[in-house]
$ cat coords.txt   # compact mmCIF, C-alpha atoms
# COMPACT_ATOMS: atom_id res chain seq x y z
CA ALA W 29 -38.70 -26.71 10.22
CA GLN W 30 -38.19 -23.30 11.68
CA LYS W 31 -38.63 -20.10 9.74
CA VAL W 32 -38.27 -16.40 10.49
CA THR W 33 -39.76 -13.76 8.22
CA GLN W 34 -38.77 -10.13 8.26
CA ALA W 35 -40.93 -8.67 5.52
CA GLN W 36 -39.45 -5.18 5.73
CA THR W 37 -36.28 -5.16 3.70
CA GLU W 38 -35.40 -1.54 4.34
CA ILE W 39 -36.85 1.27 6.42
CA SER W 40 -35.86 4.93 6.35
CA VAL W 41 -36.84 7.34 9.10
CA VAL W 42 -35.87 10.78 10.23
CA GLU W 43 -34.16 11.10 13.57
CA LYS W 44 -36.49 11.16 16.57
CA GLU W 45 -39.18 9.19 14.79
CA ASP W 46 -40.36 5.93 16.30
CA VAL W 47 -39.90 2.83 14.18
CA THR W 48 -41.10 -0.74 14.49
CA LEU W 49 -39.35 -3.70 12.92
CA ASP W 50 -41.56 -6.69 12.30
CA CYS W 51 -40.69 -10.33 12.87
CA VAL W 52 -42.94 -13.32 12.25
CA TYR W 53 -41.81 -16.83 13.03
CA GLU W 54 -42.86 -20.41 12.38
CA THR W 55 -41.98 -23.38 14.53
CA ARG W 56 -43.45 -26.71 15.56
CA ASP W 57 -41.65 -26.63 18.88
CA THR W 58 -43.81 -25.96 21.92
CA THR W 59 -40.93 -24.20 23.58
CA TYR W 60 -38.51 -21.94 21.81
CA TYR W 61 -36.41 -18.80 22.08
CA LEU W 62 -36.55 -15.60 20.07
CA PHE W 63 -33.73 -13.14 19.61
CA TRP W 64 -32.85 -9.82 18.05
CA TYR W 65 -29.38 -8.93 16.81
CA LYS W 66 -28.00 -5.69 15.44
CA GLN W 67 -25.41 -5.51 12.68
CA PRO W 68 -24.01 -1.98 12.41
CA PRO W 69 -22.03 -0.84 9.36
CA SER W 70 -18.84 -2.11 10.99
CA GLY W 71 -20.16 -5.63 10.42
CA GLU W 72 -20.24 -7.35 13.77
CA LEU W 73 -23.39 -8.98 15.11
CA VAL W 74 -24.49 -7.60 18.45
CA PHE W 75 -26.92 -9.48 20.67
CA LEU W 76 -29.85 -7.33 21.84
CA ILE W 77 -32.41 -9.58 23.51
CA ARG W 78 -33.51 -13.16 24.16
CA ARG W 79 -37.13 -14.05 24.86
CA ASN W 80 -38.41 -17.42 26.12
CA SER W 81 -41.65 -18.62 24.58
CA PHE W 82 -43.12 -19.02 28.07
CA ASP W 83 -42.69 -15.34 28.77
CA GLU W 84 -45.01 -13.10 26.81
CA GLN W 85 -44.31 -10.00 28.83
CA ASN W 86 -43.15 -7.09 26.77
CA GLU W 87 -39.73 -5.74 27.55
CA ILE W 88 -38.33 -2.24 27.52
CA SER W 89 -34.68 -1.30 27.60
CA GLY W 90 -34.11 2.40 27.23
CA ARG W 91 -35.35 3.42 23.80
CA TYR W 92 -35.80 -0.20 22.76
CA SER W 93 -38.92 -2.26 23.37
CA TRP W 94 -40.08 -5.66 22.24
CA ASN W 95 -43.60 -6.94 21.76
CA PHE W 96 -43.99 -10.72 21.82
CA GLN W 97 -47.37 -12.06 20.74
CA LYS W 98 -47.62 -15.82 20.65
CA SER W 99 -51.12 -15.68 19.15
CA THR W 100 -49.77 -14.06 16.00
CA SER W 101 -46.29 -15.63 16.14
CA SER W 102 -44.71 -12.21 16.15
CA PHE W 103 -41.82 -10.65 18.00
CA ASN W 104 -41.66 -7.01 16.96
CA PHE W 105 -38.99 -4.52 17.90
CA THR W 106 -39.65 -0.81 18.40
CA ILE W 107 -37.07 1.94 18.63
CA THR W 108 -38.42 5.10 20.20
CA ALA W 109 -36.95 8.46 19.25
CA SER W 110 -34.57 6.92 16.74
CA GLN W 111 -31.03 8.21 16.42
CA VAL W 112 -28.50 8.11 13.60
CA VAL W 113 -26.49 5.58 15.60
CA ASP W 114 -29.42 3.17 15.32
CA SER W 115 -28.71 2.80 11.60
CA ALA W 116 -27.93 -0.87 11.10
CA VAL W 117 -29.33 -4.14 9.87
CA TYR W 118 -31.49 -5.83 12.47
CA PHE W 119 -31.97 -9.57 12.52
CA CYS W 120 -34.65 -11.57 14.25
CA ALA W 121 -33.74 -15.18 15.09
CA LEU W 122 -35.36 -18.30 16.49
CA SER W 123 -34.10 -21.41 18.24
CA GLY W 124 -35.69 -24.49 19.76
CA GLY W 125 -36.42 -24.83 23.46
CA LEU W 126 -34.11 -26.45 25.98
CA ASN W 127 -35.83 -29.82 25.56
CA THR W 128 -35.62 -29.88 21.78
CA GLY W 129 -31.93 -30.41 21.26
CA THR W 130 -31.78 -27.31 19.10
CA ALA W 131 -31.74 -24.62 21.78
CA SER W 132 -28.45 -23.30 20.53
CA LYS W 133 -29.17 -23.50 16.81
CA LEU W 134 -30.29 -20.12 15.53
CA THR W 135 -32.42 -19.62 12.45
CA PHE W 136 -32.13 -16.04 11.24
CA GLY W 137 -34.48 -13.87 9.28
CA THR W 138 -33.20 -11.97 6.26
CA GLY W 139 -32.82 -8.77 8.23
CA THR W 140 -34.24 -5.26 8.04
CA ARG W 141 -31.95 -2.42 7.12
CA LEU W 142 -32.78 0.69 9.14
CA GLN W 143 -31.53 4.03 7.94
CA VAL W 144 -31.94 6.96 10.31
CA THR W 145 -31.19 10.38 8.84
CA LEU W 146 -30.97 13.85 10.31
CA ASP Y 85 -13.88 -10.72 28.59
CA ALA Y 86 -12.38 -10.24 25.14
CA GLY Y 87 -15.32 -11.75 23.33
CA VAL Y 88 -15.10 -14.15 20.40
CA ILE Y 89 -11.89 -13.57 18.48
CA GLN Y 90 -11.57 -14.40 14.82
CA SER Y 91 -8.59 -14.23 12.53
CA PRO Y 92 -7.85 -13.05 10.00
CA ARG Y 93 -10.31 -10.19 9.61
CA HIS Y 94 -9.81 -10.13 5.88
CA GLU Y 95 -8.51 -12.78 3.54
CA VAL Y 96 -7.99 -12.55 -0.18
CA THR Y 97 -6.92 -15.71 -1.91
CA GLU Y 98 -6.76 -17.19 -5.36
CA MET Y 99 -9.11 -19.87 -6.53
CA GLY Y 100 -7.80 -23.31 -5.71
CA GLN Y 101 -5.86 -22.24 -2.65
CA GLU Y 102 -6.48 -23.54 0.84
CA VAL Y 103 -7.99 -21.11 3.32
CA THR Y 104 -8.05 -21.53 7.09
CA LEU Y 105 -10.18 -19.36 9.33
CA ARG Y 106 -9.57 -19.33 13.07
CA CYS Y 107 -11.73 -18.73 16.09
CA LYS Y 108 -11.25 -18.41 19.83
CA PRO Y 109 -14.58 -18.63 21.68
CA ILE Y 110 -15.46 -16.91 24.92
CA SER Y 111 -13.95 -18.78 27.84
CA GLY Y 112 -16.49 -21.03 29.53
CA HIS Y 113 -18.81 -21.29 26.55
CA ASP Y 114 -19.66 -24.83 25.58
CA TYR Y 115 -21.08 -24.23 22.12
CA LEU Y 116 -19.24 -22.95 19.10
CA PHE Y 117 -20.83 -22.10 15.78
CA TRP Y 118 -19.63 -21.23 12.30
CA TYR Y 119 -21.98 -19.08 10.21
CA ARG Y 120 -21.64 -17.71 6.71
CA GLN Y 121 -23.23 -14.49 5.52
CA THR Y 122 -23.83 -13.66 1.89
CA MET Y 123 -26.17 -11.27 0.12
CA MET Y 124 -27.94 -14.12 -1.61
CA ARG Y 125 -28.39 -16.54 1.28
CA GLY Y 126 -28.20 -14.32 4.34
CA LEU Y 127 -26.89 -15.83 7.56
CA GLU Y 128 -26.64 -19.58 7.44
CA LEU Y 129 -25.32 -22.00 10.01
CA LEU Y 130 -22.53 -24.19 8.68
CA ILE Y 131 -21.64 -26.33 11.69
CA TYR Y 132 -21.71 -26.26 15.45
CA PHE Y 133 -19.84 -27.97 18.26
CA ASN Y 134 -20.77 -28.84 21.81
CA ASN Y 135 -17.86 -29.48 24.15
CA ASN Y 136 -15.53 -29.69 21.16
CA VAL Y 137 -17.64 -32.37 19.44
CA PRO Y 138 -19.32 -31.59 16.11
CA ILE Y 139 -23.07 -31.89 16.60
CA ASP Y 140 -24.57 -30.77 13.32
CA ASP Y 141 -22.64 -30.20 10.12
CA SER Y 142 -25.63 -30.33 7.80
CA GLY Y 143 -25.02 -26.76 6.74
CA MET Y 144 -21.53 -27.40 5.42
CA PRO Y 145 -21.95 -26.83 1.69
CA GLU Y 146 -19.49 -29.32 0.30
CA ASP Y 147 -16.66 -31.67 1.13
CA ARG Y 148 -14.31 -28.81 0.42
CA PHE Y 149 -15.34 -27.40 3.79
CA SER Y 150 -14.12 -28.88 7.05
CA ALA Y 151 -14.13 -27.68 10.65
CA LYS Y 152 -12.27 -28.80 13.71
CA MET Y 153 -12.25 -27.95 17.38
CA PRO Y 154 -9.17 -29.54 18.94
CA ASN Y 155 -9.79 -27.91 22.32
CA ALA Y 156 -12.23 -25.67 24.13
CA SER Y 157 -10.45 -22.50 23.14
CA PHE Y 158 -9.80 -22.95 19.44
CA SER Y 159 -11.58 -23.88 16.25
CA THR Y 160 -10.77 -23.74 12.56
CA LEU Y 161 -12.82 -23.70 9.40
CA LYS Y 162 -10.91 -24.83 6.35
CA ILE Y 163 -11.81 -24.55 2.69
CA GLN Y 164 -9.76 -26.62 0.29
CA PRO Y 165 -9.76 -25.86 -2.59
CA SER Y 166 -11.40 -22.46 -2.42
CA GLU Y 167 -13.71 -21.18 -5.16
CA PRO Y 168 -15.01 -17.67 -5.97
CA ARG Y 169 -18.50 -18.63 -4.75
CA ASP Y 170 -17.04 -19.16 -1.28
CA SER Y 171 -16.55 -15.41 -1.00
CA ALA Y 172 -18.54 -14.32 2.05
CA VAL Y 173 -18.23 -13.14 5.62
CA TYR Y 174 -17.65 -16.04 7.96
CA PHE Y 175 -18.70 -15.61 11.55
CA CYS Y 176 -17.75 -17.65 14.55
CA ALA Y 177 -20.01 -17.51 17.61
CA SER Y 178 -20.15 -19.13 21.02
CA SER Y 179 -22.78 -19.60 23.70
CA LEU Y 180 -23.18 -20.97 27.19
CA VAL Y 181 -24.52 -24.37 28.03
CA ALA Y 182 -28.09 -24.50 26.80
CA GLY Y 183 -29.28 -25.95 30.08
CA GLN Y 184 -28.66 -22.65 31.78
CA GLY Y 185 -31.27 -21.04 29.57
CA ARG Y 186 -28.90 -18.39 28.35
CA THR Y 187 -28.75 -19.61 24.80
CA GLU Y 188 -27.87 -16.41 23.01
CA ALA Y 189 -24.82 -16.65 20.81
CA PHE Y 190 -22.08 -14.04 20.89
CA PHE Y 191 -20.43 -13.39 17.58
CA GLY Y 192 -16.93 -12.54 16.54
CA GLN Y 193 -16.24 -9.69 14.15
CA GLY Y 194 -16.15 -12.04 11.19
CA THR Y 195 -13.65 -12.87 8.49
CA ARG Y 196 -14.34 -11.36 5.11
CA LEU Y 197 -13.13 -13.90 2.56
CA THR Y 198 -12.62 -12.98 -1.07
CA VAL Y 199 -11.65 -15.68 -3.53
CA VAL Y 200 -10.48 -14.36 -6.88

$ encode --input "coords.txt" --output "structure tokens"
Amino acid sequence: AQKVTQAQTEISVVEKEDVTLDCVYETRDTTYYLFWYKQPPSGELVFLIRRNSFDEQNEISGRYSWNFQKSTSSFNFTITASQVVDSAVYFCALSGGLNTGTASKLTFGTGTRLQVTL
Amino acid sequence: DAGVIQSPRHEVTEMGQEVTLRCKPISGHDYLFWYRQTMMRGLELLIYFNNNVPIDDSGMPEDRFSAKMPNASFSTLKIQPSEPRDSAVYFCASSLVAGQGRTEAFFGQGTRLTVV
């Protein structure tokens, strides 16, 4: 069975601080995908990133960066110089690899609520 | 592209009534998913389709829930009869063919269902 743990329920930071959201996963699949989604107060789920288990390179996109460490089964998300608009619930998710038959079936963590204040 | 379109955005109904939620996936996507989000259980997958065929409905809570996908551009999730514990936000999502490696799902804006 697959499992995603986001131990941080809620984080509060002041604007311009850096913040890291933790994600730990469990899977028996040898290949899998990891994802991050953002759910702003308006309620929709916005896709942020997909990472293949074969690719452990870290990724940076503007103020966002992701650190994938297979050795610790973690896929952490860092926001640099946070802004009020970053306030949202962030979900980490996991799916099986293309050869598992579950590549499209997402298992979500419970989410981390990020509050960025002025 | 307009993205995944769900209707209605909000639904308030009385216990025992039938509720139908509708979804139009992104054109060209082969997978369609129905998720439910509640405070207690978080985001849980109810059912998903591949090329209009239901693949896994193990997440459907009870026989009161049913889902159909009559064609590639339309799906419904029906609850009959509805109960107060069905109150939740229901999301529809779609994704490309898994074989292309782009397996991320794109979500609609959700339907907030309240059963009183």

$ residues_around --input "coords.txt" --residues "region 163-169 of chain Y" --least-positions-apart "5" --cutoff "8 Å" --atoms "all atoms listed in the file" --output "list of chain:residue names"
Y:Glu98, Y:Met99, Y:Gly100, Y:Gln101, Y:Glu102, Y:Val103, Y:Thr104, Y:Arg148, Y:Phe149, Y:Ser150, Y:Thr198, Y:Val199, Y:Val200

$ write_last_selection --input "coords.txt" --atoms "C-alpha atoms" --output "compact mmCIF listing (two decimals), keeping the file's coordinate frame"
# COMPACT_ATOMS: atom_id res chain seq x y z
CA GLU Y 98 -6.76 -17.19 -5.36
CA MET Y 99 -9.11 -19.87 -6.53
CA GLY Y 100 -7.80 -23.31 -5.71
CA GLN Y 101 -5.86 -22.24 -2.65
CA GLU Y 102 -6.48 -23.54 0.84
CA VAL Y 103 -7.99 -21.11 3.32
CA THR Y 104 -8.05 -21.53 7.09
CA ARG Y 148 -14.31 -28.81 0.42
CA PHE Y 149 -15.34 -27.40 3.79
CA SER Y 150 -14.12 -28.88 7.05
CA THR Y 198 -12.62 -12.98 -1.07
CA VAL Y 199 -11.65 -15.68 -3.53
CA VAL Y 200 -10.48 -14.36 -6.88

$ atom_distance --input "coords.txt" --atom1 "CA of Thr140 (chain W)" --atom2 "CA of Glu43 (chain W)"
17.3 Å

$ closest_residue --input "coords.txt" --among "W:Asp57, W:Asp46, W:Glu72, W:Glu38" --to "chain Y" --atoms "all atoms listed in the file"
W:Glu72

$ interface_residues --input "coords.txt" --of "chain W" --to "chain Y" --cutoff "10 Å" --atoms "only C-alpha atoms" --output "ChimeraX atom specification"
/W:61-65,70-80,119,121,123-127,129-139

$ closest_residue --input "coords.txt" --among "W:Thr145, W:Asn95, W:Thr37, W:Ser115" --to "Lys66 (chain W)" --atoms "only C-alpha atoms"
W:Ser115

$ atom_distance --input "coords.txt" --atom1 "CA of Val52 (chain W)" --atom2 "CA of Gln85 (chain W)"
17.0 Å

$ atom_distance --input "coords.txt" --atom1 "CA of Glu95 (chain Y)" --atom2 "CA of Arg141 (chain W)"
25.9 Å

$ residues_around --input "coords.txt" --residues "Thr100 (chain W)" --least-positions-apart "2" --cutoff "12 Å" --atoms "all atoms listed in the file" --output "VMD selection string"
chain W and resid 50 to 54 84 95 to 98 102 to 104
